[in-house]
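> The structure follows.
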Number of protein chains: 2
Amino acid sequence: MTTAHQSPGETRPGGRTARTRQAVLAAVFQELDEGGFAGLTMEKVAQRSGIHVATLYRRWRCIEGLVCELLTELSSDVPLPDTGSLPEDLRALARSVAAFFGEVRMRALIEAVVSAAARDPQAAAVLRSFFGERLTLAGQMVRRAVDRGELPADTDPEEVMSALGAPFYYRILIARRPVDRRLAESAATAVWAAARAGAYGTKDGCDVADDMSPGGGEAADGTAAGAGVPSNDTSPGGR
Amino acid sequence: MTTAHQSPGETRPGGRTARTRQAVLAAVFQELDEGGFAGLTMEKVAQRSGIHVATLYRRWRCIEGLVCELLTELSSDVPLPDTGSLPEDLRALARSVAAFFGEVRMRALIEAVVSAAARDPQAAAVLRSFFGERLTLAGQMVRRAVDRGELPADTDPEEVMSALGAPFYYRILIARRPVDRRLAESAATAVWAAARAGAYGTKDGCDVADDMSPGGGEAADGTAAGAGVPSNDTSPGGR
């Protein structure tokens, strides 16, 4: 009972617990590869991994928990650099991310998770919490740069890291073209220049933060035609 | 037969053709709203719009064609500014995009289309061609700025416009938080600073463009564990 959320393998790295975890995560990855998130069930993972389904439910509770652990596991292969220089750190991280998404299966995993989130609130919660944690972690890189005086003191670390990641997800999910080295260089150069220019500062623009959140900038008539029509002033209460 | 790809309404703006088109697109939007792309069929659109299904097939051929036209229709509500200054143009466009995605239904449409693309090659082709056309169109804004001497001559207009859009899709699909005015300001400021710094130049880095395309940066062993491990040099043939 007390092991329900224990991270298996922590206490006995080479033992049966670790082997079980590896077998289960490998099975999840293969199932995602073949059938996407939509077809993923605890039963299929049990069958493929050879681990009893009751064990899966006891350790991971639900399929979203398993996918989250897989994402976390895979992401831990992308190290957070600490070279002493933010532009170098950004470049190194962007290259790692590009290598990570160079494999078609990784693109498929992200597509599967984003699709699942579109249909399933629980999957959406997993996605949000996973990326939230990653951003907080990666934000350390920016906080160190602020301490070194490389960036303005009011720089929002998580906005910087979001901006570094955004071009990759755009490329994969929207443009649907290969992630390449040039994208990594461009993303790193862009974020560094933008951060230096204060684009991710928390002071400027803070007072208009909620102007276009749902309800704020929504077309009054709620029609499809109205949705995209930009008003010259959508922030009546903002200032 | 010759009307198969005619844009209905062009010849008779207020006529029956235009009314048919509006009824059909409204029905597609409502169906997407309720059941997503997965449940969308020509039959359902016919039933909801009151337009005969044979008419739908004759004019739009397939459901992807309909969704593409809806996307195009809605996007035409986001005007491309031409203020004579790129930073102002970027800011105006970013605000329009933020207003566009301020409505929950527009987020749902994008989620539906991206999910569909993850499962269905035809939907993926629609998405790619739609965004390709929009980027080319929006790229005019950047070409004008280059002509005015605001940006380096080798600036890639479509990369600039991709970079402006990326934070919005990241916010919607990955971070899953509301699109707000602050995001618009940050995106516009960031892209302007990055473009000025040459982040979207075609000269630098062109020779390494394909280093990490599928196959190039793929882990040699093809394992999940190997996928995300960044190599220090993934571009052996690049330079």
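Following the order of the structure tokens, chains are lettered A, B, ..., residues in each are numbered from 1, and ligands are numbered from 1.
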Excluding A:Pro81 and residues on its chain fewer than 2 positions from it, collect all residues at most 7 Å away from it, counting only C-alpha atoms, and give them as a ChimeraX atom specification.

/A:79,83,89,92-93

> Would you kindly return, as an MDAnalysis selection string, each protein, DNA or RNA residue with an atom no farther than 9 Å from any atom of stretch 185-193 of chain B, considering only C-alpha atoms and excluding same-chain residues fewer than 2 positions away?

(chainID A and resid 163 190:191 193:201 205) or (chainID B and resid 86:95 160:161 163:168 181:183 195:199)

> Between A:Ala125, A:Leu74, A:Val53, A:Ile174, which residue has the minimum interatomic distance to A:Ala26, considering only C-alpha atoms?

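Looking at the shortest contact to A:Ala26, the residue is A:Leu74.
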
> Among stretch 6-82 of chain B, which residues carry a DSSP assignment of alpha helix (DSSP H), reported as a ChimeraX atom specification?

/B:16-35,42-49,53-60,63-75

> How far is it from atom CA of A:Ala175 to atom CA of B:Gly132, in Å with one decimal?

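Result for atom CA of A:Ala175 versus atom CA of B:Gly132: 7.4 Å, one decimal.
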